[in-house]
>>> print(open('my_file.csv').read())   # CSV, C-alpha atoms and all ligand atoms
chain,number,residue,atom,x,y,z
A,6,MET,CA,89.9,56.5,74.9
A,7,TRP,CA,91.5,58.7,77.7
A,8,VAL,CA,93.2,60.9,75.1
A,9,SER,CA,90.0,61.7,73.3
A,10,TYR,CA,88.2,62.3,76.6
A,11,ILE,CA,90.8,64.8,77.8
A,12,LYS,CA,90.8,66.4,74.3
A,13,ARG,CA,87.0,66.9,74.6
A,14,ILE,CA,87.3,68.5,78.1
A,15,ALA,CA,90.1,70.8,76.9
A,16,THR,CA,88.0,71.9,73.9
A,17,ALA,CA,85.0,72.6,76.1
A,18,LEU,CA,87.2,74.6,78.5
A,19,VAL,CA,88.6,76.7,75.7
A,20,ALA,CA,85.1,77.3,74.4
A,21,ILE,CA,83.9,78.4,77.8
A,22,VAL,CA,86.8,80.8,78.4
A,23,ALA,CA,86.3,82.2,74.9
A,24,LEU,CA,82.6,82.7,75.5
A,25,ILE,CA,83.2,84.4,78.9
A,26,SER,CA,85.8,86.7,77.2
A,27,VAL,CA,83.4,87.7,74.5
A,28,ILE,CA,80.7,88.4,77.0
A,29,ALA,CA,83.1,90.5,79.1
A,30,VAL,CA,84.2,92.5,76.1
A,31,LEU,CA,80.6,93.1,75.0
A,32,LEU,CA,79.6,94.2,78.5
A,33,TRP,CA,82.7,96.5,78.8
A,34,ARG,CA,81.8,98.1,75.5
A,35,ASP,CA,78.1,98.6,76.4
A,36,ARG,CA,78.2,102.2,77.6
A,37,PRO,CA,75.7,105.0,77.5
A,38,SER,CA,76.9,108.1,75.7
A,39,LEU,CA,77.1,111.5,77.4
A,40,ASP,CA,75.3,112.9,74.4
A,41,ALA,CA,72.2,111.0,75.5
A,42,ILE,CA,72.0,113.3,78.5
A,43,ASP,CA,70.7,116.6,77.1
A,44,TRP,CA,71.2,118.8,80.1
A,45,PRO,CA,72.7,122.2,79.3
A,46,ALA,CA,76.4,122.8,79.4
A,47,PRO,CA,77.2,125.4,82.1
A,48,SER,CA,78.4,128.8,80.9
A,49,ILE,CA,82.1,129.0,80.6
A,50,ALA,CA,83.9,131.8,82.4
A,51,SER,CA,84.4,134.8,80.2
A,52,ALA,CA,87.1,137.5,80.0
A,53,MET,CA,84.3,139.9,80.8
A,54,ASN,CA,84.4,139.0,84.4
A,55,PRO,CA,87.9,137.9,85.2
A,56,ASP,CA,87.4,137.9,89.0
A,57,ALA,CA,84.5,135.4,89.0
A,58,VAL,CA,85.1,132.3,91.0
A,59,THR,CA,85.6,129.4,88.5
A,60,VAL,CA,85.8,125.7,88.9
A,61,THR,CA,87.5,123.5,86.4
A,62,TRP,CA,86.6,119.8,86.4
A,63,LEU,CA,89.5,117.6,85.6
A,64,GLY,CA,87.8,114.2,85.7
A,65,VAL,CA,86.4,112.0,88.5
A,66,THR,CA,86.2,114.5,91.4
A,67,THR,CA,89.3,116.6,90.8
A,68,LEU,CA,88.1,120.2,90.9
A,69,LEU,CA,90.2,123.4,90.6
A,70,PHE,CA,88.7,126.4,92.4
A,71,ASP,CA,90.1,129.7,91.4
A,72,ASP,CA,89.2,133.3,92.2
A,73,SER,CA,92.1,134.7,90.2
A,74,GLU,CA,94.1,135.2,93.4
A,75,THR,CA,93.9,131.8,95.1
A,76,GLN,CA,93.5,128.3,93.9
A,77,ILE,CA,92.1,125.3,95.8
A,78,LEU,CA,92.5,121.9,94.4
A,79,ILE,CA,90.0,119.2,95.5
A,80,ASP,CA,91.6,115.8,94.9
A,81,GLY,CA,94.6,115.2,92.6
A,82,PHE,CA,94.3,112.4,90.1
A,83,PHE,CA,96.3,112.9,86.9
A,84,SER,CA,98.3,109.6,86.8
A,85,ARG,CA,95.8,107.1,85.5
A,86,PRO,CA,96.4,103.4,86.3
A,87,THR,CA,95.1,101.2,83.5
A,88,LEU,CA,92.2,98.8,83.8
A,89,THR,CA,94.6,95.9,84.0
A,90,GLU,CA,96.7,97.5,86.8
A,91,ILE,CA,93.5,98.1,88.7
A,92,VAL,CA,91.8,94.7,88.2
A,93,PHE,CA,95.0,92.8,89.0
A,94,ASP,CA,96.1,95.2,91.8
A,95,LEU,CA,99.5,95.7,90.2
A,96,PRO,CA,102.0,98.2,91.6
A,97,VAL,CA,101.5,101.7,90.1
A,98,ASP,CA,103.4,104.9,90.4
A,99,ASN,CA,102.8,108.7,89.9
A,100,ASN,CA,103.2,109.7,86.3
A,101,ALA,CA,105.5,112.8,86.5
A,102,ALA,CA,105.0,113.9,82.9
A,103,GLN,CA,101.3,113.7,83.3
A,104,ILE,CA,101.4,115.7,86.5
A,105,ASN,CA,103.6,118.3,85.0
A,106,TYR,CA,101.4,118.6,82.0
A,107,ALA,CA,98.2,118.9,84.0
A,108,MET,CA,99.6,121.6,86.4
A,109,ASN,CA,101.0,123.6,83.4
A,110,GLU,CA,98.0,123.2,81.1
A,111,PHE,CA,95.6,124.3,83.8
A,112,ARG,CA,97.9,126.9,85.2
A,113,MET,CA,98.2,125.7,88.8
A,114,ARG,CA,100.5,128.4,89.9
A,115,ARG,CA,98.7,129.9,92.8
A,116,LEU,CA,97.7,126.7,94.6
A,117,ALA,CA,97.1,127.3,98.3
A,118,ALA,CA,95.6,123.9,99.3
A,119,ILE,CA,95.1,120.4,98.1
A,120,ILE,CA,92.1,118.6,99.7
A,121,PRO,CA,91.2,115.1,98.7
A,122,VAL,CA,87.6,114.0,99.6
A,123,HIS,CA,89.1,110.8,100.9
A,124,SER,CA,92.3,108.8,100.4
A,125,HIS,CA,91.4,106.3,97.6
A,126,PHE,CA,93.8,106.3,94.7
A,127,ASP,CA,91.2,107.9,92.3
A,128,HIS,CA,91.1,111.0,94.6
A,129,ALA,CA,94.5,111.2,96.3
A,130,MET,CA,97.0,109.4,94.1
A,131,ASP,CA,99.0,112.5,93.0
A,132,ILE,CA,98.5,114.9,95.9
A,133,GLY,CA,102.0,114.6,97.2
A,134,GLU,CA,103.6,115.2,93.8
A,135,ILE,CA,101.4,118.2,93.3
A,136,ALA,CA,102.3,119.6,96.7
A,137,ASN,CA,106.0,119.1,95.8
A,138,ARG,CA,105.6,121.2,92.7
A,139,SER,CA,103.9,124.0,94.6
A,140,SER,CA,103.8,125.5,98.1
A,141,ALA,CA,100.3,124.2,98.7
A,142,SER,CA,99.2,122.6,102.0
A,143,ILE,CA,97.6,119.2,102.0
A,144,LEU,CA,94.6,118.9,104.2
A,145,GLY,CA,92.9,115.7,105.3
A,146,SER,CA,92.9,112.6,107.4
A,147,GLU,CA,96.0,110.9,108.9
A,148,SER,CA,95.9,108.5,105.9
A,149,THR,CA,96.0,111.5,103.5
A,150,ALA,CA,99.0,112.7,105.5
A,151,GLU,CA,100.7,109.3,105.0
A,152,ILE,CA,100.3,109.7,101.2
A,153,ALA,CA,101.9,113.1,101.4
A,154,ARG,CA,104.8,111.8,103.6
A,155,GLY,CA,105.4,108.9,101.1
A,156,ALA,CA,106.0,111.5,98.4
A,157,GLY,CA,108.4,113.4,100.7
A,158,VAL,CA,106.2,116.4,101.3
A,159,PRO,CA,107.6,118.5,104.2
A,160,GLU,CA,105.6,118.3,107.4
A,161,ASP,CA,104.9,122.0,107.4
A,162,GLN,CA,102.9,121.5,104.2
A,163,ILE,CA,100.7,118.8,105.8
A,164,THR,CA,97.7,119.4,108.0
A,165,VAL,CA,95.8,116.6,109.7
A,166,VAL,CA,92.2,117.6,110.2
A,167,GLU,CA,90.3,116.5,113.3
A,168,GLY,CA,86.6,117.0,113.6
A,169,SER,CA,84.9,119.7,111.5
A,170,THR,CA,87.5,122.4,110.9
A,171,SER,CA,87.7,125.6,108.8
A,172,PHE,CA,90.6,127.1,107.1
A,173,GLN,CA,91.1,130.5,105.3
A,174,PHE,CA,93.0,130.6,102.0
A,175,GLY,CA,92.8,134.1,100.5
A,176,ASN,CA,89.1,134.9,100.1
A,177,PHE,CA,88.2,131.2,100.4
A,178,ARG,CA,87.0,129.7,103.6
A,179,VAL,CA,87.2,125.9,103.4
A,180,THR,CA,85.5,123.6,105.9
A,181,LEU,CA,86.1,119.9,106.1
A,182,ARG,CA,83.2,118.0,107.7
A,183,PRO,CA,83.8,114.4,108.5
A,184,GLY,CA,81.4,112.4,106.3
A,185,SER,CA,81.1,108.8,105.1
A,186,HIS,CA,81.8,106.9,101.9
A,187,ALA,CA,79.2,105.2,99.6
A,188,PRO,CA,78.7,101.6,100.6
A,189,ILE,CA,79.3,100.3,97.1
A,190,ALA,CA,81.4,97.2,97.8
A,191,TRP,CA,80.1,93.6,98.5
A,192,GLY,CA,77.4,93.4,101.1
A,193,GLY,CA,77.1,97.2,101.5
A,194,SER,CA,80.7,97.7,102.6
A,195,VAL,CA,83.2,100.4,101.6
A,196,PRO,CA,85.9,99.4,99.0
A,197,PHE,CA,89.5,99.5,100.3
A,198,ASP,CA,88.3,100.6,103.7
A,199,GLY,CA,90.6,101.2,106.7
A,200,ILE,CA,93.5,103.5,107.1
A,201,ILE,CA,97.0,104.0,105.7
A,202,GLU,CA,99.3,103.2,108.6
A,203,GLU,CA,102.7,104.4,107.4
A,204,ALA,CA,104.2,106.7,104.8
A,205,LEU,CA,103.0,105.4,101.4
A,206,ALA,CA,106.1,105.2,99.3
A,207,LEU,CA,105.3,104.3,95.7
A,208,PRO,CA,104.9,102.1,93.7
A,209,GLN,CA,102.0,100.5,95.4
A,210,PRO,CA,98.9,98.5,94.2
A,211,VAL,CA,95.8,100.6,94.1
A,212,SER,CA,94.4,98.7,97.1
A,213,ALA,CA,97.1,100.4,99.3
A,214,TRP,CA,95.3,103.7,99.1
A,215,ARG,CA,92.8,103.0,102.0
A,216,MET,CA,89.7,105.2,102.3
A,217,GLY,CA,91.1,106.7,105.6
A,218,GLY,CA,88.2,109.1,106.3
A,219,SER,CA,85.8,110.9,104.0
A,220,TYR,CA,84.9,114.6,104.0
A,221,THR,CA,82.1,116.8,102.8
A,222,ILE,CA,83.9,120.0,101.8
A,223,ILE,CA,82.3,123.4,102.0
A,224,ILE,CA,84.0,126.2,100.1
A,225,GLU,CA,82.8,129.7,101.1
A,226,HIS,CA,83.7,132.8,99.1
A,227,PRO,CA,82.3,136.4,99.1
A,228,GLN,CA,80.7,135.4,95.8
A,229,GLY,CA,78.9,132.3,97.0
A,230,THR,CA,79.2,128.9,98.7
A,231,ALA,CA,80.0,125.5,97.0
A,232,LEU,CA,79.7,122.1,98.6
A,233,VAL,CA,81.7,119.1,97.3
A,234,GLN,CA,80.4,115.7,98.1
A,235,GLY,CA,82.8,113.3,96.4
A,236,SER,CA,81.3,110.0,97.4
A,237,ALA,CA,77.6,109.2,97.1
A,238,SER,CA,76.9,109.1,100.8
A,239,TYR,CA,75.0,111.2,103.3
A,240,LYS,CA,74.3,111.5,107.0
A,241,LYS,CA,70.7,112.3,107.7
A,242,TYR,CA,70.1,116.0,108.6
A,243,ASP,CA,73.8,116.6,108.8
A,244,LEU,CA,73.7,119.5,106.4
A,245,ARG,CA,70.4,121.0,107.4
A,246,ASN,CA,72.2,124.1,108.8
A,247,VAL,CA,74.5,124.5,105.8
A,248,ALA,CA,73.4,126.7,102.9
A,249,ALA,CA,75.2,126.2,99.6
A,250,ASP,CA,74.6,127.8,96.2
A,251,VAL,CA,76.2,125.0,94.2
A,252,VAL,CA,76.7,121.3,94.9
A,253,PHE,CA,79.2,119.0,93.2
A,254,LEU,CA,77.5,115.7,93.7
A,255,GLY,CA,79.5,112.5,93.6
A,256,VAL,CA,77.5,109.9,91.8
A,257,GLY,CA,80.0,107.1,91.4
A,258,ALA,CA,78.1,103.7,91.4
A,259,LEU,CA,75.0,105.5,92.7
A,260,ASP,CA,72.8,103.4,90.5
A,261,SER,CA,73.9,100.3,92.4
A,262,LEU,CA,72.5,101.7,95.6
A,263,GLY,CA,69.0,101.9,94.3
A,264,ARG,CA,66.6,104.7,93.6
A,265,ASP,CA,65.4,105.1,97.2
A,266,TYR,CA,68.9,105.5,98.5
A,267,ALA,CA,69.6,108.0,95.7
A,268,GLU,CA,66.6,110.1,96.5
A,269,LEU,CA,67.6,110.3,100.2
A,270,TYR,CA,71.1,111.3,99.1
A,271,TRP,CA,69.6,114.1,96.9
A,272,GLN,CA,67.3,115.3,99.7
A,273,HIS,CA,70.0,115.4,102.4
A,274,THR,CA,72.6,117.0,100.1
A,275,VAL,CA,70.9,119.2,97.5
A,276,THR,CA,67.5,119.9,99.1
A,277,ALA,CA,69.0,120.4,102.5
A,278,THR,CA,71.4,123.0,101.4
A,279,GLY,CA,69.0,124.8,99.0
A,280,SER,CA,71.4,124.8,96.1
A,281,HIS,CA,70.5,126.3,92.8
A,282,SER,CA,73.1,124.5,90.7
A,283,VAL,CA,74.0,120.8,90.8
A,284,TYR,CA,76.9,119.3,89.0
A,285,PRO,CA,77.3,115.5,89.1
A,286,ILE,CA,80.9,114.4,89.4
A,287,HIS,CA,82.6,110.9,89.4
A,288,PHE,CA,80.4,109.8,86.5
A,289,ASP,CA,83.3,109.1,84.1
A,290,ASP,CA,85.3,106.0,83.5
A,291,LEU,CA,88.4,106.4,85.8
A,292,THR,CA,90.4,103.9,83.9
A,293,LYS,CA,90.6,106.2,80.8
A,294,PRO,CA,93.7,108.4,80.3
A,295,PHE,CA,93.7,111.9,81.8
A,296,GLY,CA,91.5,114.1,79.7
A,297,GLU,CA,89.6,111.3,77.9
A,298,ILE,CA,86.0,111.4,79.2
A,299,ALA,CA,83.7,108.4,78.6
A,300,LEU,CA,80.9,107.1,80.7
A,301,SER,CA,81.5,103.8,82.4
A,302,PRO,CA,80.1,100.5,81.1
A,303,ARG,CA,76.5,100.1,82.1
A,304,VAL,CA,77.4,96.9,84.0
A,305,VAL,CA,79.9,98.9,86.2
A,306,ASP,CA,78.1,102.2,86.7
A,307,ASN,CA,75.0,103.2,84.7
A,308,PHE,CA,75.1,107.0,84.7
A,309,GLU,CA,72.3,107.2,82.2
A,310,LYS,CA,70.0,105.7,84.8
A,311,THR,CA,71.4,107.9,87.5
A,312,ALA,CA,71.0,111.0,85.4
A,313,GLY,CA,67.3,110.0,84.9
A,314,TRP,CA,66.8,109.8,88.6
A,315,LEU,CA,68.5,113.1,89.3
A,316,LEU,CA,66.2,114.8,86.9
A,317,GLN,CA,63.2,113.3,88.6
A,318,PHE,CA,64.5,114.3,92.1
A,319,ARG,CA,65.1,117.8,90.8
A,320,ASN,CA,61.6,118.1,89.4
A,321,ARG,CA,60.1,116.7,92.6
A,322,TRP,CA,62.1,118.4,95.3
A,323,ASP,CA,64.0,121.4,93.9
A,324,ASN,CA,62.2,122.7,90.9
A,325,ASP,CA,64.2,125.9,90.8
A,326,ALA,CA,67.6,124.2,90.7
A,327,SER,CA,69.5,123.6,87.5
A,328,LEU,CA,71.4,120.4,86.6
A,329,PHE,CA,74.6,120.8,84.6
A,330,ILE,CA,77.2,118.3,83.2
A,331,PRO,CA,80.7,119.8,83.7
A,332,GLU,CA,82.9,119.8,80.7
A,333,PHE,CA,86.5,118.6,81.2
A,334,GLY,CA,89.0,121.3,81.6
A,335,LYS,CA,86.6,124.2,81.0
A,336,PRO,CA,86.5,126.8,83.8
A,337,ILE,CA,82.9,127.3,84.9
A,338,ALA,CA,81.8,130.6,86.6
A,339,ILE,CA,79.8,128.6,89.2
A,340,PHE,CA,78.1,131.5,90.9
A,341,SER,CA,76.9,133.3,87.8
A,342,GLN,CA,75.0,130.6,86.0
A,343,PRO,CA,71.7,131.6,84.3
A,344,ALA,CA,68.7,129.6,85.5
A,345,SER,CA,67.9,127.1,82.8
A,346,GLU,CA,66.1,124.0,81.9
A,347,PRO,CA,66.4,121.3,83.0
A,401,ZN,ZN,86.3,106.2,97.1
>>> encode(input="my_file.csv", output="structure tokens", more="lines below")
Ligand SMILES: [Zn+2]
Amino acid sequence: MWVSYIKRIATALVAIVALISVIAVLLWRDRPSLDAIDWPAPSIASAMNPDAVTVTWLGVTTLLFDDSETQILIDGFFSRPTLTEIVFDLPVDNNAAQINYAMNEFRMRRLAAIIPVHSHFDHAMDIGEIANRSSASILGSESTAEIARGAGVPEDQITVVEGSTSFQFGNFRVTLRPGSHAPIAWGGSVPFDGIIEEALALPQPVSAWRMGGSYTIIIEHPQGTALVQGSASYKKYDLRNVAADVVFLGVGALDSLGRDYAELYWQHTVTATGSHSVYPIHFDDLTKPFGEIALSPRVVDNFEKTAGWLLQFRNRWDNDASLFIPEFGKPIAIFSQPASEP
């Protein structure tokens, strides 16, 4: 009798685990398609105007600014830990081959600065290795500096930023303004919050890359001004005296914060700066290999819903602004976009 009882319980447990697995797989596969968002693609830089400032989006919020003299890299995330490594918080390391490939393919030969928006792995994982392959300075928080030190970057290539500070690199003037991180973890908290307290030697689990301090980055150039907001967070009225032509708007998990939050985020970031072009970033699945762009599962981050909201906010608050979806690896002439619908 006991044997048949245990057998029945075991069978039921197996069935439950199988059912949960099937549901998890189905939810993971339920993703909107980027094709469903019919915003125009931005115009790609042309040989006609070789001196135009371009920005090349390299997934998540990694952005390469280039004016043909000087390059500025926002973030550096080419090694892509797998979903399993992230979920189970397994130790991960830089992928040297991937970093070499990315730096070569996108011609990062004039890098002056590497500036992560904050110190989470999906922004700052490779900054040290990129600095070691260039003469670029790393700018950011004390935590960002510890990532660089862990990779053996010399101290004279590391700048810890305190308060709101500006730096000149060629014709680019870059300002880091202390900001905040989207409250997207349990109970409105910040995921992997806190600071990195010592040199971060790899391998480490992804949870070791603590947030460390978040920045709104303003990049001024004689051709125009761009603002990079990597995380979907805002401080009310903080940017009211900042004018920007272009905003790179971090939208990671914005749908989970609700429409009202998203609208305030738009107003205090896009409307406040009077931007004419808005590029969402951080909308892609960061567990995919470098270069493979897919939207996240709806259950994790529903960008289709977010995109619908952004269009409504644009129509309501900033009717003369254009929304563009950046294309991976294609240099966009950000200050010479034609006004277009939507
Ligand atoms: Zn983050």
>>> residues_around(input="my_file.csv", residues="region 29-34 of chain A", least_positions_apart="2", cutoff="12 Å", atoms="all atoms listed in the file", output="short mmCIF file (atom, residue, chain, number, x, y, z; two decimals) with C-alpha atoms, in the coordinates of the input")
data_model
loop_
_atom_site.label_atom_id
_atom_site.label_comp_id
_atom_site.auth_asym_id
_atom_site.auth_seq_id
_atom_site.Cartn_x
_atom_site.Cartn_y
_atom_site.Cartn_z
CA VAL A 22 86.80 80.80 78.40
CA ALA A 23 86.30 82.20 74.90
CA LEU A 24 82.60 82.70 75.50
CA ILE A 25 83.20 84.40 78.90
CA SER A 26 85.80 86.70 77.20
CA VAL A 27 83.40 87.70 74.50
CA ARG A 36 78.20 102.20 77.60
CA PRO A 37 75.70 105.00 77.50
CA SER A 38 76.90 108.10 75.70
CA LEU A 88 92.20 98.80 83.80
CA ASP A 290 85.30 106.00 83.50
CA THR A 292 90.40 103.90 83.90
CA ALA A 299 83.70 108.40 78.60
CA LEU A 300 80.90 107.10 80.70
CA SER A 301 81.50 103.80 82.40
CA PRO A 302 80.10 100.50 81.10
CA ARG A 303 76.50 100.10 82.10
CA VAL A 304 77.40 96.90 84.00
CA VAL A 305 79.90 98.90 86.20
CA ASP A 306 78.10 102.20 86.70
CA ASN A 307 75.00 103.20 84.70
#
>>> closest_atom_pairs(input="my_file.csv", of="chain A", to="ligand ZN 401 (chain A)", cutoff="12 Å", atoms="all atoms listed in the file", output="Markdown table")
| residue | atom | partner | partner_atom | distance |
| --- | --- | --- | --- | --- |
| A:Val65 | CA | A:ZN401 | ZN | 10.4 |
| A:Thr66 | CA | A:ZN401 | ZN | 10.1 |
| A:Asp80 | CA | A:ZN401 | ZN | 11.2 |
| A:Pro121 | CA | A:ZN401 | ZN | 10.3 |
| A:Val122 | CA | A:ZN401 | ZN | 8.3 |
| A:His123 | CA | A:ZN401 | ZN | 6.6 |
| A:Ser124 | CA | A:ZN401 | ZN | 7.3 |
| A:His125 | CA | A:ZN401 | ZN | 5.1 |
| A:Phe126 | CA | A:ZN401 | ZN | 7.9 |
| A:Asp127 | CA | A:ZN401 | ZN | 7.1 |
| A:His128 | CA | A:ZN401 | ZN | 7.2 |
| A:Ala129 | CA | A:ZN401 | ZN | 9.6 |
| A:Met130 | CA | A:ZN401 | ZN | 11.6 |
| A:Ser185 | CA | A:ZN401 | ZN | 9.9 |
| A:His186 | CA | A:ZN401 | ZN | 6.6 |
| A:Ala187 | CA | A:ZN401 | ZN | 7.6 |
| A:Pro188 | CA | A:ZN401 | ZN | 9.5 |
| A:Ile189 | CA | A:ZN401 | ZN | 9.2 |
| A:Ala190 | CA | A:ZN401 | ZN | 10.3 |
| A:Ser194 | CA | A:ZN401 | ZN | 11.6 |
| A:Val195 | CA | A:ZN401 | ZN | 8.0 |
| A:Pro196 | CA | A:ZN401 | ZN | 7.1 |
| A:Phe197 | CA | A:ZN401 | ZN | 8.1 |
| A:Asp198 | CA | A:ZN401 | ZN | 8.9 |
| A:Gly199 | CA | A:ZN401 | ZN | 11.6 |
| A:Val211 | CA | A:ZN401 | ZN | 11.4 |
| A:Ser212 | CA | A:ZN401 | ZN | 11.0 |
| A:Trp214 | CA | A:ZN401 | ZN | 9.6 |
| A:Arg215 | CA | A:ZN401 | ZN | 8.7 |
| A:Met216 | CA | A:ZN401 | ZN | 6.3 |
| A:Gly217 | CA | A:ZN401 | ZN | 9.8 |
| A:Gly218 | CA | A:ZN401 | ZN | 9.8 |
| A:Ser219 | CA | A:ZN401 | ZN | 8.4 |
| A:Tyr220 | CA | A:ZN401 | ZN | 11.0 |
| A:Gln234 | CA | A:ZN401 | ZN | 11.2 |
| A:Gly235 | CA | A:ZN401 | ZN | 7.9 |
| A:Ser236 | CA | A:ZN401 | ZN | 6.3 |
| A:Ala237 | CA | A:ZN401 | ZN | 9.2 |
| A:Ser238 | CA | A:ZN401 | ZN | 10.5 |
| A:Gly255 | CA | A:ZN401 | ZN | 9.9 |
| A:Val256 | CA | A:ZN401 | ZN | 10.9 |
| A:Gly257 | CA | A:ZN401 | ZN | 8.5 |
| A:Ala258 | CA | A:ZN401 | ZN | 10.3 |
| A:His287 | CA | A:ZN401 | ZN | 9.8 |
| A:Leu291 | CA | A:ZN401 | ZN | 11.5 |
>>> closest_residue(input="my_file.csv", among="A:Ala52, A:Leu207, A:Ile135, A:Ala117", to="Phe82 (chain A)", atoms="only C-alpha atoms")
A:Ile135
>>> residues_around(input="my_file.csv", residues="region 320-323 of chain A", least_positions_apart="6", cutoff="9 Å", atoms="all atoms listed in the file", output="JSON, numbers by chain")
{"A": [271, 272, 275, 276, 279, 280, 281, 347]}
>>> residues_around(input="my_file.csv", residues="region 39-45 of chain A", least_positions_apart="2", cutoff="9 Å", atoms="only C-alpha atoms", output="number ranges by chain")
A: 37, 47-48, 299-300, 308-309, 312-313, 327-330, 345-347
>>> atom_distance(input="my_file.csv", atom1="CA of Arg85 (chain A)", atom2="CA of Ile286 (chain A)")
17.0 Å
>>> atom_distance(input="my_file.csv", atom1="CA of Leu232 (chain A)", atom2="CA of Leu269 (chain A)")
17.0 Å
>>> residues_around(input="my_file.csv", residues="Ala206 (chain A)", least_positions_apart="4", cutoff="9 Å", atoms="all atoms listed in the file", output="list in words")
Glu151, Ile152, Arg154, Gly155, Ala156 and Gly157 of chain A
>>> atom_distance(input="my_file.csv", atom1="CA of Pro86 (chain A)", atom2="CA of Ile298 (chain A)")
14.9 Å
>>> residues_around(input="my_file.csv", residues="Val158 (chain A)", least_positions_apart="5", cutoff="7 Å", atoms="all atoms listed in the file", output="ChimeraX atom specification")
/A:133,136-137,153
>>> closest_residue(input="my_file.csv", among="A:Gly193, A:Pro227, A:Pro210, A:Gly334", to="Leu69 (chain A)", atoms="all atoms listed in the file")
A:Gly334
>>> closest_residue(input="my_file.csv", among="A:Glu202, A:Asp56, A:Glu110, A:Glu90", to="Glu147 (chain A)", atoms="all atoms listed in the file")
A:Glu202
>>> closest_residue(input="my_file.csv", among="A:Phe177, A:Phe83, A:Phe111, A:Tyr284", to="Gly229 (chain A)", atoms="all atoms listed in the file")
A:Phe177
>>> closest_residue(input="my_file.csv", among="A:Gly145, A:Gly192, A:Gly263, A:Pro183", to="Tyr239 (chain A)", atoms="all atoms listed in the file")
A:Pro183
>>> decode(input="my_file.csv", residues="region 10-21 of chain A", atoms="N, CA, C and O atoms", output="PDB file, in the first residue's frame")
ATOM      1  N   TYR A  10       1.260   4.308  -2.837  1.00  0.00           N
ATOM      2  CA  TYR A  10       1.031   5.687  -2.409  1.00  0.00           C
ATOM      3  C   TYR A  10       2.199   6.590  -2.840  1.00  0.00           C
ATOM      4  O   TYR A  10       2.016   7.651  -3.436  1.00  0.00           O
ATOM      5  N   ILE A  11       3.440   6.107  -2.554  1.00  0.00           N
ATOM      6  CA  ILE A  11       4.630   6.883  -2.926  1.00  0.00           C
ATOM      7  C   ILE A  11       4.728   7.025  -4.440  1.00  0.00           C
ATOM      8  O   ILE A  11       5.053   8.086  -4.962  1.00  0.00           O
ATOM      9  N   LYS A  12       4.362   5.928  -5.133  1.00  0.00           N
ATOM     10  CA  LYS A  12       4.409   5.968  -6.602  1.00  0.00           C
ATOM     11  C   LYS A  12       3.476   7.055  -7.138  1.00  0.00           C
ATOM     12  O   LYS A  12       3.806   7.799  -8.050  1.00  0.00           O
ATOM     13  N   ARG A  13       2.284   7.111  -6.542  1.00  0.00           N
ATOM     14  CA  ARG A  13       1.305   8.098  -7.004  1.00  0.00           C
ATOM     15  C   ARG A  13       1.797   9.532  -6.767  1.00  0.00           C
ATOM     16  O   ARG A  13       1.670  10.398  -7.620  1.00  0.00           O
ATOM     17  N   ILE A  14       2.396   9.740  -5.579  1.00  0.00           N
ATOM     18  CA  ILE A  14       2.924  11.086  -5.286  1.00  0.00           C
ATOM     19  C   ILE A  14       4.046  11.437  -6.268  1.00  0.00           C
ATOM     20  O   ILE A  14       4.096  12.541  -6.815  1.00  0.00           O
ATOM     21  N   ALA A  15       4.920  10.462  -6.513  1.00  0.00           N
ATOM     22  CA  ALA A  15       6.032  10.708  -7.438  1.00  0.00           C
ATOM     23  C   ALA A  15       5.499  11.046  -8.830  1.00  0.00           C
ATOM     24  O   ALA A  15       5.973  11.987  -9.486  1.00  0.00           O
ATOM     25  N   THR A  16       4.492  10.299  -9.274  1.00  0.00           N
ATOM     26  CA  THR A  16       3.921  10.561 -10.605  1.00  0.00           C
ATOM     27  C   THR A  16       3.324  11.968 -10.657  1.00  0.00           C
ATOM     28  O   THR A  16       3.523  12.709 -11.632  1.00  0.00           O
ATOM     29  N   ALA A  17       2.617  12.337  -9.584  1.00  0.00           N
ATOM     30  CA  ALA A  17       2.005  13.669  -9.555  1.00  0.00           C
ATOM     31  C   ALA A  17       3.081  14.756  -9.598  1.00  0.00           C
ATOM     32  O   ALA A  17       2.954  15.746 -10.318  1.00  0.00           O
ATOM     33  N   LEU A  18       4.185  14.553  -8.840  1.00  0.00           N
ATOM     34  CA  LEU A  18       5.267  15.552  -8.824  1.00  0.00           C
ATOM     35  C   LEU A  18       5.892  15.705 -10.208  1.00  0.00           C
ATOM     36  O   LEU A  18       6.125  16.821 -10.676  1.00  0.00           O
ATOM     37  N   VAL A  19       6.138  14.572 -10.849  1.00  0.00           N
ATOM     38  CA  VAL A  19       6.720  14.621 -12.204  1.00  0.00           C
ATOM     39  C   VAL A  19       5.795  15.387 -13.132  1.00  0.00           C
ATOM     40  O   VAL A  19       6.229  16.244 -13.925  1.00  0.00           O
ATOM     41  N   ALA A  20       4.492  15.120 -13.021  1.00  0.00           N
ATOM     42  CA  ALA A  20       3.523  15.798 -13.887  1.00  0.00           C
ATOM     43  C   ALA A  20       3.530  17.307 -13.633  1.00  0.00           C
ATOM     44  O   ALA A  20       3.498  18.104 -14.575  1.00  0.00           O
ATOM     45  N   ILE A  21       3.619  17.692 -12.345  1.00  0.00           N
ATOM     46  CA  ILE A  21       3.617  19.133 -12.016  1.00  0.00           C
ATOM     47  C   ILE A  21       4.863  19.811 -12.566  1.00  0.00           C
ATOM     48  O   ILE A  21       4.792  20.870 -13.193  1.00  0.00           O
TER      49      ILE A  21
END
